Amino acid sequence: MPGFDTLLAFIIATAIFAYIPGPAMLYATAQTLARGARAGLMAALGIHVGGYVHVLAAAFGLAILFDLVPPLYIALKLIGAAYLIWLGLQMIRTRNARVNAVPQGGRDPVRAFRQSMTVEILNPKTALFFVAFLPQFSDPTAALPIWAQLLILGTVVNIVFSSADLVCVALAHRMSRLLTRTGQATARAKTLGGSILVGLGLTVALDR
């Protein structure tokens, strides 16, 4: 593994990237506002699990396909953006459904997990981030092979990023408790969460 100074720089850089507001944080926030704390936690877990797909891709060189085949990157990005917009519109469309039942259990958290994992896997920017970021802190002369170093570093990155998502879930839950005291406020919270997802999808689609 790299030396102490390199690892310290790695931790600092990872924390900076993790706590800059980004798509995953907004997604976890939207799910929490719309569906409750458990759904937000499951969304953060889904993002975390999906992140390991990109860690593995970076470690074994699969993500380099995005550089070699640019249309693949664009296609995956547009599919992910369309999925986000669809999720947001669905959330807005069903904002008045079961407004008196705060989704603390049942299918909503499971759905949030599946959806968030899909969103993360369909995010090609995450794959490119791992490919560009992790090799900067690997050491070809170390005892561990490069792929093993990338797996370890990628796991650390994924955990730190997930800690930021959990902070967002906690803050959004406090906000949602203020917003969900009435059925009308619950509908507004779902509208806000859905709008965040639609806006996020449009940003991803239009981002060059």
# chains A, B, ... in the order shown; residues from 1 in each chain; ligands from 1

$ closest_atom_pairs --of "region 9-42 of chain A" --to "region 194-204 of chain A" --cutoff "9 Å" --atoms "only C-alpha atoms" --output "CSV"
residue,atom,partner,partner_atom,distance
A:Pro23,CA,A:Leu200,CA,6.8
A:Leu26,CA,A:Ile196,CA,7.1
A:Tyr27,CA,A:Leu197,CA,6.5
A:Thr29,CA,A:Ile196,CA,8.7
A:Ala30,CA,A:Ile196,CA,6.2
A:Gln31,CA,A:Gly194,CA,8.3
A:Ala34,CA,A:Gly194,CA,7.4

$ closest_atom_pairs --of "region 64-159 of chain A" --to "region 9-15 of chain A" --cutoff "12 Å" --atoms "only C-alpha atoms" --output "CSV"
residue,atom,partner,partner_atom,distance
A:Phe129,CA,A:Thr14,CA,11.2
A:Phe130,CA,A:Thr14,CA,10.9
A:Phe133,CA,A:Thr14,CA,9.2
A:Leu134,CA,A:Phe10,CA,8.8
A:Pro135,CA,A:Phe10,CA,10.8
A:Gln136,CA,A:Phe10,CA,8.7
A:Phe137,CA,A:Phe10,CA,6.6
A:Ser138,CA,A:Phe10,CA,10.0
A:Leu153,CA,A:Phe10,CA,8.7
A:Gly154,CA,A:Thr14,CA,10.1
A:Thr155,CA,A:Thr14,CA,11.4
A:Val156,CA,A:Ile11,CA,8.5
A:Val157,CA,A:Thr14,CA,6.2
A:Asn158,CA,A:Thr14,CA,9.3
A:Ile159,CA,A:Thr14,CA,10.0

$ residues_around --residues "region 42-50 of chain A" --least-positions-apart "6" --cutoff "8 Å" --atoms "only C-alpha atoms" --output "ChimeraX atom specification"
/A:24,27-28,31,109-110,112-121,158-159,162,165-166,169
